[in-house]
>>> print(open('upload.pdb').read())   # PDB, C-alpha atoms
ATOM      1  CA  MET A 185       9.705  12.815   2.785  1.00  0.00           C
ATOM      2  CA  LEU A 186       7.464   9.829   3.420  1.00  0.00           C
ATOM      3  CA  VAL A 187      10.042   8.241   5.716  1.00  0.00           C
ATOM      4  CA  ALA A 188      10.085  11.353   7.891  1.00  0.00           C
ATOM      5  CA  LEU A 189       6.278  11.513   7.853  1.00  0.00           C
ATOM      6  CA  ARG A 190       6.016   7.867   8.903  1.00  0.00           C
ATOM      7  CA  CYS A 191       8.477   8.401  11.748  1.00  0.00           C
ATOM      8  CA  TRP A 192       6.528  11.439  12.924  1.00  0.00           C
ATOM      9  CA  LEU A 193       3.250   9.494  12.786  1.00  0.00           C
ATOM     10  CA  VAL A 194       4.670   6.609  14.818  1.00  0.00           C
ATOM     11  CA  GLN A 195       5.761   9.095  17.472  1.00  0.00           C
ATOM     12  CA  ALA A 196       2.343  10.784  17.347  1.00  0.00           C
ATOM     13  CA  LYS A 197       0.663   7.385  17.825  1.00  0.00           C
ATOM     14  CA  ALA A 198       2.948   6.528  20.735  1.00  0.00           C
ATOM     15  CA  SER A 199       2.133   9.821  22.460  1.00  0.00           C
ATOM     16  CA  GLY A 200      -1.596   9.391  21.870  1.00  0.00           C
ATOM     17  CA  ASP A 201      -1.916  12.311  19.444  1.00  0.00           C
ATOM     18  CA  VAL A 202      -3.140   9.941  16.702  1.00  0.00           C
ATOM     19  CA  SER A 203      -5.779   7.361  17.551  1.00  0.00           C
ATOM     20  CA  ASP A 204      -5.097   4.527  15.106  1.00  0.00           C
ATOM     21  CA  ILE A 205      -3.605   3.487  11.777  1.00  0.00           C
ATOM     22  CA  TRP A 206      -6.655   4.764   9.908  1.00  0.00           C
ATOM     23  CA  ALA A 207      -6.111   8.264  11.281  1.00  0.00           C
ATOM     24  CA  MET A 208      -2.432   7.964  10.330  1.00  0.00           C
ATOM     25  CA  ARG A 209      -3.369   6.965   6.773  1.00  0.00           C
ATOM     26  CA  GLN A 210      -5.768   9.879   6.526  1.00  0.00           C
ATOM     27  CA  ILE A 211      -3.018  12.295   7.567  1.00  0.00           C
ATOM     28  CA  ILE A 212      -0.739  10.895   4.875  1.00  0.00           C
ATOM     29  CA  ALA A 213      -3.504  11.024   2.248  1.00  0.00           C
ATOM     30  CA  ASN A 214      -4.176  14.668   3.108  1.00  0.00           C
ATOM     31  CA  SER A 215      -0.466  15.575   3.146  1.00  0.00           C
ATOM     32  CA  VAL A 216       0.895  14.209  -0.111  1.00  0.00           C
ATOM     33  CA  GLU A 217      -0.346  13.773  -3.638  1.00  0.00           C
ATOM     34  CA  MET A 218      -1.132  10.123  -4.177  1.00  0.00           C
ATOM     35  CA  VAL A 219      -0.087   8.831  -7.589  1.00  0.00           C
ATOM     36  CA  PRO A 220      -1.546   5.469  -8.632  1.00  0.00           C
ATOM     37  CA  TYR A 221       0.750   2.958 -10.253  1.00  0.00           C
ATOM     38  CA  HIS A 222      -0.508   1.232 -13.384  1.00  0.00           C
ATOM     39  CA  PRO A 223       1.844  -1.389 -14.810  1.00  0.00           C
ATOM     40  CA  ALA A 224       2.571  -1.011 -18.488  1.00  0.00           C
ATOM     41  CA  GLY A 225       3.443  -3.594 -21.059  1.00  0.00           C
ATOM     42  CA  ASP A 226       2.190  -7.079 -21.710  1.00  0.00           C
ATOM     43  CA  LYS A 227      -1.060  -7.616 -19.765  1.00  0.00           C
ATOM     44  CA  VAL A 228      -0.901 -11.365 -20.312  1.00  0.00           C
ATOM     45  CA  ALA A 229       2.556 -11.524 -18.703  1.00  0.00           C
ATOM     46  CA  TRP A 230       1.326  -9.461 -15.715  1.00  0.00           C
ATOM     47  CA  ASP A 231      -1.722 -11.696 -15.314  1.00  0.00           C
ATOM     48  CA  LYS A 232       0.443 -14.839 -15.415  1.00  0.00           C
ATOM     49  CA  ALA A 233       2.792 -13.377 -12.808  1.00  0.00           C
ATOM     50  CA  TYR A 234      -0.178 -12.480 -10.586  1.00  0.00           C
ATOM     51  CA  GLU A 235      -1.594 -16.005 -10.876  1.00  0.00           C
ATOM     52  CA  LYS A 236       1.822 -17.413  -9.921  1.00  0.00           C
ATOM     53  CA  TYR A 237       1.901 -15.061  -6.928  1.00  0.00           C
ATOM     54  CA  LEU A 238      -1.540 -16.255  -5.811  1.00  0.00           C
ATOM     55  CA  ARG A 239      -0.500 -19.906  -6.189  1.00  0.00           C
ATOM     56  CA  THR A 240       2.636 -19.235  -4.135  1.00  0.00           C
ATOM     57  CA  LEU A 241       0.466 -17.887  -1.322  1.00  0.00           C
ATOM     58  CA  ASN A 242      -2.166 -20.616  -1.789  1.00  0.00           C
ATOM     59  CA  ILE A 243      -4.839 -18.013  -2.479  1.00  0.00           C
ATOM     60  CA  GLU A 244      -7.734 -18.940  -4.722  1.00  0.00           C
ATOM     61  CA  ARG A 245      -9.129 -16.288  -7.014  1.00  0.00           C
TER      62      ARG A 245
END
>>> encode(input="upload.pdb", output="structure tokens")
Amino acid sequence: MLVALRCWLVQAKASGDVSDIWAMRQIIANSVEMVPYHPAGDKVAWDKAYEKYLRTLNIER
């Protein structure tokens, strides 16, 4: 469903029916139930993986 919604929004943006990406995001937020993702398991392992990710991108925390 989200793929079809995204395609429709891109067409709406191209035709001028939607002003910007923020309006597009608002339409999506109002159209579907948003379900947050919370990783489960070993927090230490997730934190180490996140630190590795930041180092890969040269981002300081």
>>> atom_distance(input="upload.pdb", atom1="atom CA of Leu193 of chain A", atom2="atom CA of Gln210 of chain A")
11.0 Å
>>> atom_distance(input="upload.pdb", atom1="atom CA of Thr240 of chain A", atom2="atom CA of Pro220 of chain A")
25.5 Å
>>> atom_distance(input="upload.pdb", atom1="atom CA of Leu189 of chain A", atom2="atom CA of Arg209 of chain A")
10.7 Å
>>> build_atoms(input="upload.pdb", residues="segment 211-222 of chain A", atoms="all heavy atoms", output="mmCIF file, in the coordinates of the input")
data_model
loop_
_atom_site.group_PDB
_atom_site.id
_atom_site.type_symbol
_atom_site.label_atom_id
_atom_site.label_comp_id
_atom_site.auth_asym_id
_atom_site.auth_seq_id
_atom_site.Cartn_x
_atom_site.Cartn_y
_atom_site.Cartn_z
ATOM 1 N N ILE A 211 -3.986 11.195 7.521
ATOM 2 C CA ILE A 211 -3.018 12.295 7.567
ATOM 3 C C ILE A 211 -2.097 12.238 6.357
ATOM 4 O O ILE A 211 -1.838 13.251 5.704
ATOM 5 C CB ILE A 211 -2.214 12.269 8.883
ATOM 6 C CG1 ILE A 211 -3.136 12.626 10.062
ATOM 7 C CG2 ILE A 211 -1.015 13.206 8.812
ATOM 8 C CD1 ILE A 211 -2.528 12.377 11.419
ATOM 9 N N ILE A 212 -1.619 11.048 6.035
ATOM 10 C CA ILE A 212 -0.739 10.895 4.875
ATOM 11 C C ILE A 212 -1.495 11.258 3.592
ATOM 12 O O ILE A 212 -0.987 11.999 2.753
ATOM 13 C CB ILE A 212 -0.169 9.469 4.796
ATOM 14 C CG1 ILE A 212 0.813 9.235 5.941
ATOM 15 C CG2 ILE A 212 0.505 9.226 3.443
ATOM 16 C CD1 ILE A 212 1.293 7.817 6.067
ATOM 17 N N ALA A 213 -2.721 10.749 3.453
ATOM 18 C CA ALA A 213 -3.504 11.024 2.248
ATOM 19 C C ALA A 213 -3.758 12.519 2.071
ATOM 20 O O ALA A 213 -3.793 13.017 0.943
ATOM 21 C CB ALA A 213 -4.824 10.265 2.299
ATOM 22 N N ASN A 214 -3.922 13.229 3.177
ATOM 23 C CA ASN A 214 -4.176 14.668 3.108
ATOM 24 C C ASN A 214 -2.887 15.477 2.950
ATOM 25 O O ASN A 214 -2.959 16.676 2.674
ATOM 26 C CB ASN A 214 -4.909 15.145 4.363
ATOM 27 C CG ASN A 214 -6.313 14.592 4.450
ATOM 28 O OD1 ASN A 214 -6.897 14.196 3.457
ATOM 29 N ND2 ASN A 214 -6.847 14.550 5.648
ATOM 30 N N SER A 215 -1.740 14.851 3.136
ATOM 31 C CA SER A 215 -0.466 15.575 3.146
ATOM 32 C C SER A 215 0.333 15.468 1.859
ATOM 33 O O SER A 215 1.169 16.325 1.585
ATOM 34 C CB SER A 215 0.413 15.066 4.302
ATOM 35 O OG SER A 215 -0.242 15.256 5.532
ATOM 36 N N VAL A 216 0.119 14.415 1.109
ATOM 37 C CA VAL A 216 0.895 14.209 -0.111
ATOM 38 C C VAL A 216 -0.031 13.864 -1.266
ATOM 39 O O VAL A 216 -1.138 13.367 -1.064
ATOM 40 C CB VAL A 216 1.944 13.078 0.053
ATOM 41 C CG1 VAL A 216 2.968 13.432 1.109
ATOM 42 C CG2 VAL A 216 1.290 11.763 0.376
ATOM 43 N N GLU A 217 0.429 14.143 -2.453
ATOM 44 C CA GLU A 217 -0.346 13.773 -3.638
ATOM 45 C C GLU A 217 -0.139 12.285 -3.905
ATOM 46 O O GLU A 217 0.996 11.822 -4.071
ATOM 47 C CB GLU A 217 0.105 14.577 -4.849
ATOM 48 C CG GLU A 217 -0.660 14.239 -6.099
ATOM 49 C CD GLU A 217 -0.159 14.994 -7.321
ATOM 50 O OE1 GLU A 217 0.693 15.876 -7.171
ATOM 51 O OE2 GLU A 217 -0.626 14.679 -8.415
ATOM 52 N N MET A 218 -1.214 11.547 -3.917
ATOM 53 C CA MET A 218 -1.132 10.123 -4.177
ATOM 54 C C MET A 218 -1.146 9.904 -5.689
ATOM 55 O O MET A 218 -1.988 10.456 -6.397
ATOM 56 C CB MET A 218 -2.308 9.388 -3.538
ATOM 57 C CG MET A 218 -2.412 9.633 -2.033
ATOM 58 S SD MET A 218 -0.959 9.115 -1.145
ATOM 59 C CE MET A 218 -1.420 7.482 -0.702
ATOM 60 N N VAL A 219 -0.196 9.111 -6.166
ATOM 61 C CA VAL A 219 -0.087 8.831 -7.589
ATOM 62 C C VAL A 219 -0.263 7.327 -7.785
ATOM 63 O O VAL A 219 0.559 6.536 -7.312
ATOM 64 C CB VAL A 219 1.286 9.287 -8.143
ATOM 65 C CG1 VAL A 219 1.403 8.965 -9.614
ATOM 66 C CG2 VAL A 219 1.495 10.764 -7.879
ATOM 67 N N PRO A 220 -1.343 6.912 -8.432
ATOM 68 C CA PRO A 220 -1.546 5.469 -8.632
ATOM 69 C C PRO A 220 -0.522 4.894 -9.604
ATOM 70 O O PRO A 220 -0.062 5.588 -10.516
ATOM 71 C CB PRO A 220 -2.960 5.373 -9.201
ATOM 72 C CG PRO A 220 -3.228 6.708 -9.798
ATOM 73 C CD PRO A 220 -2.413 7.703 -9.017
ATOM 74 N N TYR A 221 -0.180 3.663 -9.371
ATOM 75 C CA TYR A 221 0.750 2.958 -10.253
ATOM 76 C C TYR A 221 -0.049 2.013 -11.134
ATOM 77 O O TYR A 221 -0.845 1.212 -10.640
ATOM 78 C CB TYR A 221 1.774 2.163 -9.437
ATOM 79 C CG TYR A 221 2.628 1.275 -10.299
ATOM 80 C CD1 TYR A 221 3.644 1.807 -11.063
ATOM 81 C CD2 TYR A 221 2.400 -0.088 -10.363
ATOM 82 C CE1 TYR A 221 4.424 1.008 -11.884
ATOM 83 C CE2 TYR A 221 3.177 -0.896 -11.167
ATOM 84 C CZ TYR A 221 4.179 -0.354 -11.919
ATOM 85 O OH TYR A 221 4.944 -1.140 -12.726
ATOM 86 N N HIS A 222 0.137 2.124 -12.430
ATOM 87 C CA HIS A 222 -0.508 1.232 -13.384
ATOM 88 C C HIS A 222 0.586 0.581 -14.218
ATOM 89 O O HIS A 222 1.271 1.267 -14.983
ATOM 90 C CB HIS A 222 -1.470 2.011 -14.288
ATOM 91 C CG HIS A 222 -2.548 2.706 -13.539
ATOM 92 N ND1 HIS A 222 -3.613 2.047 -12.973
ATOM 93 C CD2 HIS A 222 -2.726 4.012 -13.235
ATOM 94 C CE1 HIS A 222 -4.396 2.909 -12.361
ATOM 95 N NE2 HIS A 222 -3.875 4.114 -12.503
#
